[in-house]
Each structure stands twice: as structure tokens, then as C-alpha cells.
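Participant: I'm passing along start.cif; it holds mmCIF, C-alpha atoms and all ligand atoms.
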```
data_work
#
loop_
_atom_site.label_atom_id
_atom_site.label_comp_id
_atom_site.auth_asym_id
_atom_site.auth_seq_id
_atom_site.Cartn_x
_atom_site.Cartn_y
_atom_site.Cartn_z
CA MET V 1470 40.46 177.58 125.69
CA SER V 1471 39.73 177.14 129.33
CA LYS V 1472 41.59 174.58 131.35
CA ILE V 1473 41.17 173.58 134.97
CA ILE V 1474 44.39 173.75 136.98
CA ARG V 1475 44.53 170.73 139.31
CA ILE V 1476 46.27 171.74 142.56
CA GLY V 1477 47.88 168.88 144.45
CA THR V 1478 48.40 169.13 148.20
CA ARG V 1479 49.03 166.95 151.24
CA ASP V 1480 45.94 166.61 153.39
CA SER V 1481 47.14 168.05 156.71
CA GLU V 1482 45.31 171.16 157.93
CA LEU V 1483 48.37 173.35 157.28
CA ALA V 1484 48.93 171.93 153.79
CA LEU V 1485 45.25 172.45 152.91
CA TRP V 1486 45.35 176.04 154.17
CA GLN V 1487 48.37 176.71 151.98
CA ALA V 1488 46.80 175.08 148.92
CA HIS V 1489 43.56 177.05 149.42
CA THR V 1490 45.58 180.26 149.52
CA VAL V 1491 47.14 179.47 146.15
CA GLN V 1492 43.73 178.41 144.81
CA HIS V 1493 42.15 181.74 145.81
CA LYS V 1494 44.96 183.72 144.23
CA LEU V 1495 44.61 181.83 140.94
CA GLU V 1496 40.82 182.20 140.94
CA GLU V 1497 41.20 185.95 141.54
CA LEU V 1498 43.28 186.04 138.37
CA GLY V 1499 40.43 184.30 136.51
CA TYR V 1500 41.77 180.73 136.41
CA ASP V 1501 39.56 177.70 137.05
CA THR V 1502 41.07 175.39 139.64
CA THR V 1503 40.35 172.27 141.63
CA LEU V 1504 42.04 171.00 144.76
CA ILE V 1505 43.32 167.42 144.91
CA PRO V 1506 44.35 166.39 148.44
CA ILE V 1507 46.69 163.41 148.40
CA LYS V 1508 47.62 161.23 151.35
CA SER V 1509 51.35 161.28 151.69
CA THR V 1510 51.56 157.59 152.62
CA GLY V 1511 51.14 154.46 150.49
CA ASP V 1512 53.34 153.04 147.82
CA GLN V 1513 52.99 154.36 144.32
CA VAL V 1514 54.18 152.23 141.48
CA LEU V 1515 56.26 153.80 138.74
CA ASP V 1516 58.16 152.20 135.93
CA LYS V 1517 61.40 153.65 137.28
CA PRO V 1518 62.85 153.48 140.79
CA LEU V 1519 62.29 156.76 142.66
CA TYR V 1520 65.97 157.46 143.21
CA GLU V 1521 66.51 157.52 139.46
CA LEU V 1522 64.12 160.46 139.24
CA GLY V 1523 65.94 162.23 142.04
CA ILE V 1524 62.94 162.07 144.36
CA THR V 1525 64.06 162.30 147.97
CA GLY V 1526 61.85 164.52 150.15
CA ILE V 1527 59.55 162.53 152.39
CA PHE V 1528 56.93 165.30 152.42
CA THR V 1529 57.02 166.08 148.73
CA LYS V 1530 57.60 162.68 147.14
CA THR V 1531 53.95 161.64 146.81
CA LEU V 1532 53.02 164.88 145.10
CA ASP V 1533 56.03 164.66 142.78
CA VAL V 1534 54.88 161.20 141.73
CA ALA V 1535 51.27 162.35 141.20
CA MET V 1536 52.52 165.20 139.02
CA LEU V 1537 54.80 163.03 136.90
CA LYS V 1538 51.87 160.62 136.42
CA GLY V 1539 49.70 163.49 135.19
CA GLN V 1540 47.21 163.38 138.10
CA ILE V 1541 47.85 166.98 139.19
CA ASP V 1542 49.15 170.05 137.35
CA ILE V 1543 50.77 171.99 140.18
CA ALA V 1544 51.75 171.27 143.79
CA VAL V 1545 51.93 173.58 146.80
CA HIS V 1546 54.60 172.93 149.43
CA SER V 1547 56.07 174.45 152.55
CA MET V 1548 59.32 175.44 150.90
CA LYS V 1549 61.50 174.28 153.79
CA ASP V 1550 60.28 170.71 153.23
CA VAL V 1551 61.32 170.68 149.58
CA PRO V 1552 64.72 169.09 148.76
CA THR V 1553 67.12 171.60 147.21
CA GLN V 1554 67.33 169.36 144.13
CA LEU V 1555 63.93 169.04 142.41
CA PRO V 1556 63.07 165.84 140.51
CA LYS V 1557 63.73 165.80 136.76
CA GLY V 1558 60.95 167.53 134.86
CA ILE V 1559 59.60 169.47 137.87
CA VAL V 1560 60.42 173.16 138.26
CA GLN V 1561 59.90 175.84 140.89
CA VAL V 1562 57.59 178.48 139.43
CA ALA V 1563 56.36 180.69 142.25
CA VAL V 1564 57.52 181.60 145.74
CA LEU V 1565 54.69 183.41 147.51
CA GLU V 1566 55.37 186.44 149.66
CA ARG V 1567 57.02 185.01 152.72
CA ALA V 1568 55.33 185.00 156.13
CA ILE V 1569 57.10 185.44 159.46
CA THR V 1570 60.22 183.24 159.55
CA ASN V 1571 60.91 182.61 163.23
CA ASP V 1572 60.55 179.61 165.51
CA ILE V 1573 58.47 179.82 168.67
CA LEU V 1574 58.23 177.87 171.90
CA VAL V 1575 54.79 176.70 172.96
CA HIS V 1576 55.12 176.17 176.70
CA LYS V 1577 53.25 175.54 179.94
CA GLY V 1578 54.73 178.52 181.81
CA ALA V 1579 58.08 180.01 180.82
CA ASP V 1580 59.65 180.14 184.32
CA PHE V 1581 61.68 177.00 183.66
CA LEU V 1582 63.89 178.99 181.28
CA GLU V 1583 65.44 180.82 184.23
CA ALA V 1584 65.75 177.71 186.42
CA GLU V 1585 68.93 175.72 186.89
CA GLU V 1586 67.11 172.39 187.08
CA PRO V 1587 66.96 170.29 183.92
CA SER V 1588 63.82 170.62 181.79
CA THR V 1589 62.57 168.72 178.77
CA ILE V 1590 61.78 170.29 175.42
CA ALA V 1591 60.30 168.43 172.45
CA THR V 1592 61.16 168.79 168.78
CA GLY V 1593 61.78 166.47 165.85
CA SER V 1594 64.16 168.91 164.20
CA LEU V 1595 67.93 168.45 164.58
CA ARG V 1596 68.38 172.15 163.83
CA ARG V 1597 66.08 173.17 166.69
CA LYS V 1598 67.53 170.55 169.05
CA ALA V 1599 71.14 171.65 168.45
CA GLN V 1600 70.36 175.33 168.88
CA TRP V 1601 68.31 174.68 172.03
CA LEU V 1602 71.09 172.63 173.63
CA HIS V 1603 73.66 175.26 172.62
CA LYS V 1604 71.74 177.84 174.63
CA TYR V 1605 70.41 175.55 177.40
CA PRO V 1606 73.05 172.81 177.78
CA HIS V 1607 71.46 171.50 181.00
CA HIS V 1608 68.13 170.74 179.28
CA GLN V 1609 67.05 167.55 177.60
CA VAL V 1610 65.51 167.46 174.12
CA VAL V 1611 63.15 164.63 173.16
CA ASP V 1612 61.89 163.67 169.72
CA LEU V 1613 58.48 164.88 168.56
CA ARG V 1614 57.03 163.95 165.18
CA GLY V 1615 53.80 164.39 163.29
CA ASN V 1616 51.95 167.29 161.74
CA VAL V 1617 51.43 170.52 163.66
CA ASN V 1618 48.07 169.45 165.15
CA THR V 1619 49.47 166.12 166.34
CA ARG V 1620 52.50 167.78 167.91
CA LEU V 1621 50.38 170.26 169.86
CA LEU V 1622 48.24 167.39 171.21
CA LYS V 1623 51.35 165.44 172.23
CA LEU V 1624 52.65 168.48 174.11
CA ILE V 1625 49.43 168.58 176.12
CA GLU V 1626 49.56 164.84 176.84
CA ASN V 1627 53.19 164.77 178.00
CA ASP V 1628 55.00 166.43 180.88
CA TRP V 1629 57.46 168.33 178.69
CA SER V 1630 58.03 172.01 179.45
CA GLY V 1631 57.50 173.04 175.83
CA ALA V 1632 57.78 172.26 172.15
CA ILE V 1633 59.18 174.25 169.22
CA PHE V 1634 57.21 175.20 166.11
CA ALA V 1635 57.45 177.51 163.12
CA GLN V 1636 55.36 180.56 164.01
CA ALA V 1637 54.01 180.79 160.44
CA GLY V 1638 52.57 177.28 160.56
CA LEU V 1639 50.68 177.81 163.82
CA GLN V 1640 49.44 181.21 162.72
CA ARG V 1641 48.10 179.88 159.43
CA ILE V 1642 45.85 177.37 161.14
CA LYS V 1643 45.03 179.76 164.00
CA LEU V 1644 46.58 177.60 166.72
CA LEU V 1645 49.22 180.02 167.95
CA PRO V 1646 48.80 180.42 171.75
CA LYS V 1647 48.94 184.03 172.97
CA ASP V 1648 51.76 183.36 175.41
CA ALA V 1649 54.01 181.43 173.01
CA LEU V 1650 57.60 182.65 173.20
CA ILE V 1651 59.26 183.99 170.05
CA LEU V 1652 62.75 182.47 169.71
CA ASP V 1653 64.42 185.43 168.04
CA TRP V 1654 67.89 183.98 168.75
CA MET V 1655 67.20 180.76 166.86
CA VAL V 1656 68.19 180.73 163.18
CA PRO V 1657 65.25 179.33 161.16
CA ALA V 1658 65.38 176.54 158.61
CA PRO V 1659 66.28 177.62 155.07
CA ALA V 1660 63.03 178.87 153.44
CA GLN V 1661 60.99 178.62 156.67
CA GLY V 1662 57.73 180.53 156.38
CA ALA V 1663 57.71 180.43 152.57
CA MET V 1664 55.33 178.57 150.27
CA VAL V 1665 56.48 177.36 146.88
CA VAL V 1666 54.46 176.16 143.90
CA VAL V 1667 55.97 173.70 141.42
CA ALA V 1668 54.82 172.50 138.01
CA GLN V 1669 56.06 170.34 135.14
CA GLN V 1670 58.75 171.96 133.04
CA SER V 1671 56.66 171.26 129.92
CA ASP V 1672 53.41 172.79 131.27
CA ASP V 1673 53.45 176.32 129.84
CA PHE V 1674 49.83 177.02 130.80
CA SER V 1675 50.35 176.41 134.54
CA LYS V 1676 53.75 178.12 134.52
CA GLU V 1677 52.30 181.27 132.99
CA ALA V 1678 49.52 181.34 135.60
CA LEU V 1679 51.90 180.77 138.51
CA HIS V 1680 54.47 183.35 137.43
CA LYS V 1681 51.94 185.98 138.45
CA LEU V 1682 52.05 184.73 142.06
CA ASN V 1683 55.82 184.98 142.42
CA HIS V 1684 57.20 187.46 144.97
CA SER V 1685 60.66 188.45 143.82
CA ASP V 1686 62.29 189.34 147.17
CA SER V 1687 61.00 186.13 148.75
CA GLU V 1688 62.29 184.12 145.79
CA ILE V 1689 65.75 185.71 146.08
CA ALA V 1690 66.00 185.34 149.87
CA THR V 1691 64.89 181.70 149.93
CA GLY V 1692 67.14 181.04 146.92
CA ILE V 1693 70.19 182.25 148.85
CA GLU V 1694 69.27 180.18 151.92
CA ARG V 1695 68.73 177.04 149.87
CA GLU V 1696 71.97 177.59 147.96
CA PHE V 1697 73.74 177.80 151.35
CA LEU V 1698 72.11 174.50 152.39
CA ARG V 1699 72.84 172.81 149.04
CA THR V 1700 76.49 173.84 149.12
CA LEU V 1701 76.90 172.37 152.60
CA GLU V 1702 75.16 169.24 151.23
CA GLY V 1703 72.98 169.31 154.29
CA GLY V 1704 69.65 167.95 153.04
CA CYS V 1705 66.47 168.83 154.91
CA THR V 1706 67.37 167.20 158.24
CA ALA V 1707 70.84 168.59 159.04
CA PRO V 1708 71.36 171.01 161.97
CA ILE V 1709 71.64 173.96 159.59
CA GLY V 1710 69.87 177.31 159.84
CA ALA V 1711 69.86 180.16 157.34
CA LEU V 1712 68.06 183.46 157.01
CA ALA V 1713 68.42 186.07 154.27
CA GLN V 1714 66.57 189.36 154.67
CA ILE V 1715 66.28 192.01 152.01
CA LYS V 1716 66.12 195.65 153.08
CA ASP V 1717 66.99 198.86 151.21
CA GLN V 1718 68.50 196.99 148.25
CA LYS V 1719 70.77 194.95 150.51
CA VAL V 1720 70.78 191.31 151.54
CA TYR V 1721 71.53 190.51 155.20
CA PHE V 1722 72.46 186.88 155.72
CA GLU V 1723 73.03 184.66 158.71
CA GLY V 1724 73.87 180.98 158.34
CA VAL V 1725 74.78 178.41 161.02
CA LEU V 1726 75.93 174.83 161.22
CA PHE V 1727 75.85 172.93 164.53
CA SER V 1728 77.02 169.61 165.87
CA LEU V 1729 74.10 167.37 166.92
CA ASP V 1730 74.75 168.01 170.63
CA GLY V 1731 74.81 171.76 170.05
CA LYS V 1732 78.32 172.14 171.46
CA GLU V 1733 79.93 173.18 168.21
CA LYS V 1734 78.66 176.12 166.20
CA ILE V 1735 80.08 177.49 162.98
CA GLY V 1736 78.33 180.58 161.73
CA VAL V 1737 78.59 183.33 159.16
CA GLU V 1738 76.98 186.76 159.13
CA LYS V 1739 77.40 188.91 156.03
CA ASN V 1740 75.63 191.44 153.88
CA ILE V 1741 75.87 192.33 150.21
CA PRO V 1742 74.12 194.66 147.73
CA LEU V 1743 71.01 192.99 146.28
CA SER V 1744 72.47 193.41 142.78
CA LYS V 1745 75.34 191.07 143.76
CA ALA V 1746 73.17 188.35 145.31
CA LYS V 1747 74.02 185.73 142.70
CA GLY V 1748 76.32 183.12 144.25
CA PHE V 1749 76.07 184.71 147.71
CA GLY V 1750 74.58 181.62 149.37
CA GLN V 1751 77.37 179.51 147.98
CA ALA V 1752 80.06 181.98 149.10
CA CYS V 1753 78.65 182.00 152.65
CA ALA V 1754 78.58 178.19 152.74
CA LYS V 1755 82.18 178.01 151.52
CA GLU V 1756 83.20 180.27 154.37
CA VAL V 1757 81.51 177.93 156.85
CA LEU V 1758 83.21 174.91 155.25
CA GLU V 1759 86.60 176.62 155.50
CA LYS V 1760 86.06 177.50 159.17
CA GLY V 1761 85.85 173.77 160.02
CA GLY V 1762 82.39 173.12 158.62
CA ASP V 1763 83.81 170.51 156.24
CA LYS V 1764 84.92 168.31 159.16
CA LEU V 1765 81.67 168.89 161.01
CA MET V 1766 79.61 167.93 157.94
CA GLU V 1767 81.63 164.75 157.55
CA ALA V 1768 81.07 163.86 161.20
CA LEU V 1769 77.33 164.53 160.80
CA ARG V 1770 77.11 162.29 157.75
CA ASN V 1771 78.76 159.46 159.70
CA GLU V 1772 76.49 159.94 162.72
CA ASN V 1773 73.41 160.09 160.51
CA SER V 1774 74.19 156.88 158.66
CA ALA V 1775 74.54 155.22 162.06
CA ILE V 1776 71.06 156.45 163.05
CA HIS V 1777 69.21 155.38 159.87
N1 LIG H 1801 58.47 170.34 159.01
C1 LIG H 1801 57.07 170.54 159.02
C2 LIG H 1801 56.71 171.94 158.66
N2 LIG H 1801 56.87 172.37 157.41
C3 LIG H 1801 56.47 173.70 157.35
C4 LIG H 1801 56.03 174.06 158.60
C5 LIG H 1801 55.50 175.37 159.00
C6 LIG H 1801 55.41 176.42 157.93
C7 LIG H 1801 56.74 176.91 157.43
O1 LIG H 1801 57.76 176.86 158.13
O2 LIG H 1801 56.77 177.37 156.29
C8 LIG H 1801 56.16 172.95 159.43
C9 LIG H 1801 55.79 172.88 160.84
C10 LIG H 1801 56.86 173.36 161.81
O3 LIG H 1801 58.04 173.45 161.47
O4 LIG H 1801 56.51 173.63 162.97
#
```
Go ahead and express the file in the form of C-alpha cells.
Facilitator:
Amino acid sequence: MSKIIRIGTRDSELALWQAHTVQHKLEELGYDTTLIPIKSTGDQVLDKPLYELGITGIFTKTLDVAMLKGQIDIAVHSMKDVPTQLPKGIVQVAVLERAITNDILVHKGADFLEAEEPSTIATGSLRRKAQWLHKYPHHQVVDLRGNVNTRLLKLIENDWSGAIFAQAGLQRIKLLPKDALILDWMVPAPAQGAMVVVAQQSDDFSKEALHKLNHSDSEIATGIEREFLRTLEGGCTAPIGALAQIKDQKVYFEGVLFSLDGKEKIGVEKNIPLSKAKGFGQACAKEVLEKGGDKLMEALRNENSAIH
């Protein structure tokens, strides 16, 4: 019996590139597929309130709803945008081999980094803002929202010195400027640079197809980072960075938690044999909580509820 796998995706250039990549891989394996781009705005009516289903991620919600309504079979996401708790009935099936994980600065001349005068950097990410201010306390960070293309345009239109992006995202849509500066000191978002494919728990056909796309080391590394995030109860907008790297049967982990102004930093750096990786993300998070991270998280939750 042949069945067409309907691949749901957001309709930004980056999301479409990612969905096409999954589509090609499935077609190479002999599966028939079709791409269903879905606008991530607009209200969708369900018989149950969204919070009852555990749907929270602003980027992933629309696709979750489409899947639960039976309009798509699988969905492709940037893994860092996916809440650590998936909605009921939806499961993670494949993590593709991860791309480069780091953040980069797109700038208009990097001399300002050495200068003592204040400069302005743009980012919509609290994690990037806190880490930037930690390193450059005399700079100012302004908010920047929108998809990658929109953010690059806004950088050109404004007199900011630079804006921060995930290198993987810019590379995928071939918009990475040659002179962009790699921020090797900045700890990336949990699962940055990784793509994940989800399906319905009950959909054995799609799950079997997707299992073949899973890259084990990438699944383990992103799993540790997301477990670290989940244990801190950080959600996708907290100033939390985490990176697990697997080399020679060992996992090297770095996790950080910052205050919003970047002044406070609580970090952990550890390694462990790959065979003992289970529970490692949680153990690292507990260490951060014990070092004062619990108080910092509480302060963040209070500040955040004041903002929203
Ligand atoms: N939050 C938006 C987002 N989600 C995934 C990526 C890039 C690709 C990736 O990190 O996997 C981006 C853009 C960015 O952070 O600059």
C-alpha cells in the first residue's frame, strides 16, 4: 500500500528549506511525500482549549493543531523552537544530523568591539542579550523580531552596529555574509542548529519512515541540552544556553543561566562517558540550581510575568 506523507511546515524561507531537506531524504528512501506550508498566524478552532493539550510554543502551535486535526502527517521544526514538553499525542521521531551550533554577529564593521564608546546591538533573544551585556556591559541591546530575512533587512535599515543570528539558519538560506563574526564564546540555545521531525504517536507508518532519518549522536546531545532546560523550567525564552558535544565516546557539556541584565552568570562545565549520558542534563541543571540558580530562576519568573 502506498501512502503519501504530508509534511507540514511554516512558510518562512528557513522553514521551507528545512522541510524540503526532510522531503528529499524521505523521497530518497522511496516514500511519496507532499509539502504543506502553513501560515503560523490565525486562530484555529478546536473543541478543547489549547492549554489543555499542552500546546505552548508560538512557532510550533499551528503545526501541532494541524497535525491533531489530521491535516498533516509529520511536521519539521527548528528544534530550539520546540517546547521541551510536546503536546499529548505528538512524539519526537527524528533528530537530523546537527549543523553548526554557534551564534554569529552580522555587523557593519567590527571595529566598534574594541571601542570604549557605547554601541547598539539588536536581538530578540534574552539569552543572546544577557550574554552580550555580560561581555560588553557598556553596550546597549535593542529588541529585534521577525524571521531571519526580516531581521537582516531591519539591520540594514537601522543604525545598529550589528545583530545576532544562528549561523546554521543564515547558512541554510545562503544569507551568511562573509565577514560575519563567529561568537565562539556565546553558549547557544539548547538544540540550536538541529532539526526535529514529529508525528502522531499512533501513526506507525510515518514513524517507521522517520526513524531512518534519526542521527543518534545529535538526538543524544540535544536530549541532554533540553533536559537541562526542562529541569531549570526555563521555557524557550529564558536566558539559558546549553551545548553538549559528543567526541570519542564522551559527552562534553556546558550550560549557563544568566540574569536578564547579564550581570549574574551561573554556569556548569562537565563531561561524562557517553554510556552514562542518561540523566546527565538533569544532573547539570541541579548543580546550577544549587549554585544559586533556583533564586535566579525565581527572579526571572517574576520579571517575566511583569513584562507579559
Ligand atoms: N528563533 C528563530 C530561529 N529558530 C531557528 C533558527 C535558526 C536555525 C537553528 O538554530 O536551528 C532561528 C533563527 C535564529 O536564531 O537566528
Participant: Identify, counting all atoms listed in the file, the protein, DNA and RNA residues located within 8 Å of ligand LIG 1801 (chain H), and give them as a list in words.
Facilitator: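 If we count all atoms listed in the file, the neighbours of ligand LIG 1801 (chain H) turn out to be Leu1483, Ser1547, Met1548, Lys1549, Asp1550, Ala1568, Thr1570, Asp1572, Ser1594, Asn1616, Val1617, Ile1633, Phe1634, Ala1635, Gln1636, Ala1637, Gly1638, Leu1639, Ala1658, Ala1660, Gln1661, Gly1662, Ala1663 and Met1664 of chain V.
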Participant: Under the rule that all atoms listed in the file are counted, which of V:Ala1563, V:Ala1768, V:Leu1504, V:Ala1535 is the nearest residue to His1680 of chain V?
Facilitator: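 Result for the nearest residue to His1680 of chain V: V:Ala1563.
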Participant: How big is the axis-aligned box around the listed atoms of segment 1615-1629 of chain V once 5 Å is added on each side, and where is its centre? Give both in Å to one decimal, as lines of an AutoDock Vina configuration file.
Facilitator:
```
center_x = 52.8
center_y = 167.5
center_z = 171.3
size_x = 19.4
size_y = 16.1
size_z = 29.1
```
Participant: How far is it from atom CA of Gln1670 of chain V to atom CA of Asp1480 of chain V, in Å with one decimal?
Facilitator: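 These atoms are spaced 24.6 Å apart.
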Participant: Of the residues V:Val1656, V:Val1551, V:Ile1476, V:Ala1591, which is the one nearest to Glu1723 of chain V, using only C-alpha atoms?
Facilitator: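 For Glu1723 of chain V, the nearest of the given residues is V:Val1656.
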Participant: Give me, as a tab-separated table, each residue of segment 1521-1613 of chain V that comes within 8 Å of segment 1682-1704 of chain V, together with its shortest interatomic pair and the distance in Å at one decimal, counting all atoms listed in the file, with rows ordered by chain and rising residue number.
Facilitator:
```
residue	atom	partner	partner_atom	distance
V:Pro1552	CA	V:Gly1704	CA	6.6
V:Thr1553	CA	V:Arg1699	CA	6.1
V:Val1562	CA	V:Asn1683	CA	7.4
V:Ala1563	CA	V:Asn1683	CA	4.3
V:Val1564	CA	V:Asn1683	CA	5.0
V:Leu1565	CA	V:His1684	CA	5.4
V:Glu1566	CA	V:His1684	CA	5.1
V:Arg1567	CA	V:Ser1687	CA	5.7
```
Participant: Could you pull the residues within 6 Å of segment 1734-1736 of chain V, counting all atoms listed in the file, minus those fewer than 4 positions along the same chain, as a list in words?
Facilitator: Gly1724, Val1725, Leu1726 and Phe1727 of chain V
Participant: Can I get segment 1594-1621 of chain V with N, CA and C atoms filled in, as a CSV table (one decimal), in the frame of the given file?
Facilitator:
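And here's rebuild.csv as it stands now:
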```csv
chain,number,residue,atom,x,y,z
V,1594,SER,N,63.2,168.3,165.1
V,1594,SER,CA,64.2,168.9,164.2
V,1594,SER,C,65.6,169.0,164.8
V,1595,LEU,N,66.5,168.4,164.1
V,1595,LEU,CA,67.9,168.4,164.6
V,1595,LEU,C,68.4,169.9,164.7
V,1596,ARG,N,68.0,170.7,163.8
V,1596,ARG,CA,68.4,172.2,163.8
V,1596,ARG,C,67.9,172.8,165.1
V,1597,ARG,N,66.6,172.6,165.5
V,1597,ARG,CA,66.1,173.2,166.7
V,1597,ARG,C,66.7,172.6,167.9
V,1598,LYS,N,66.9,171.2,167.9
V,1598,LYS,CA,67.5,170.6,169.0
V,1598,LYS,C,68.9,171.1,169.3
V,1599,ALA,N,69.8,171.2,168.3
V,1599,ALA,CA,71.1,171.6,168.4
V,1599,ALA,C,71.2,173.1,169.0
V,1600,GLN,N,70.3,173.9,168.4
V,1600,GLN,CA,70.4,175.3,168.9
V,1600,GLN,C,69.8,175.5,170.3
V,1601,TRP,N,68.8,174.6,170.7
V,1601,TRP,CA,68.3,174.7,172.0
V,1601,TRP,C,69.4,174.3,173.0
V,1602,LEU,N,70.1,173.1,172.7
V,1602,LEU,CA,71.1,172.6,173.6
V,1602,LEU,C,72.3,173.6,173.7
V,1603,HIS,N,72.6,174.3,172.6
V,1603,HIS,CA,73.7,175.3,172.6
V,1603,HIS,C,73.4,176.3,173.7
V,1604,LYS,N,72.1,176.8,173.7
V,1604,LYS,CA,71.7,177.8,174.6
V,1604,LYS,C,71.4,177.3,176.0
V,1605,TYR,N,70.8,176.1,176.1
V,1605,TYR,CA,70.4,175.6,177.4
V,1605,TYR,C,71.0,174.2,177.5
V,1606,PRO,N,72.4,174.1,177.8
V,1606,PRO,CA,73.0,172.8,177.8
V,1606,PRO,C,72.6,171.9,178.9
V,1607,HIS,N,71.9,172.4,179.9
V,1607,HIS,CA,71.5,171.5,181.0
V,1607,HIS,C,70.1,170.9,180.7
V,1608,HIS,N,69.4,171.3,179.6
V,1608,HIS,CA,68.1,170.7,179.3
V,1608,HIS,C,68.3,169.4,178.5
V,1609,GLN,N,67.1,168.8,178.4
V,1609,GLN,CA,67.0,167.6,177.6
V,1609,GLN,C,66.1,167.8,176.4
V,1610,VAL,N,66.4,167.3,175.3
V,1610,VAL,CA,65.5,167.5,174.1
V,1610,VAL,C,65.0,166.1,173.7
V,1611,VAL,N,63.7,165.9,173.6
V,1611,VAL,CA,63.2,164.6,173.2
V,1611,VAL,C,62.5,164.8,171.8
V,1612,ASP,N,62.4,163.7,171.1
V,1612,ASP,CA,61.9,163.7,169.7
V,1612,ASP,C,60.4,163.9,169.7
V,1613,LEU,N,59.9,164.6,168.7
V,1613,LEU,CA,58.5,164.9,168.6
V,1613,LEU,C,58.2,164.9,167.1
V,1614,ARG,N,57.3,164.0,166.6
V,1614,ARG,CA,57.0,164.0,165.2
V,1614,ARG,C,55.5,164.2,164.9
V,1615,GLY,N,55.2,164.3,163.7
V,1615,GLY,CA,53.8,164.4,163.3
V,1615,GLY,C,53.5,165.8,162.8
V,1616,ASN,N,52.3,166.0,162.2
V,1616,ASN,CA,52.0,167.3,161.7
V,1616,ASN,C,51.7,168.2,162.9
V,1617,VAL,N,51.5,169.5,162.6
V,1617,VAL,CA,51.4,170.5,163.7
V,1617,VAL,C,50.4,170.2,164.7
V,1618,ASN,N,49.2,169.8,164.2
V,1618,ASN,CA,48.1,169.4,165.2
V,1618,ASN,C,48.5,168.3,166.1
V,1619,THR,N,49.0,167.3,165.5
V,1619,THR,CA,49.5,166.1,166.3
V,1619,THR,C,50.5,166.5,167.4
V,1620,ARG,N,51.4,167.4,167.0
V,1620,ARG,CA,52.5,167.8,167.9
V,1620,ARG,C,51.9,168.6,169.1
V,1621,LEU,N,51.0,169.5,168.8
V,1621,LEU,CA,50.4,170.3,169.9
V,1621,LEU,C,49.7,169.3,170.9
```
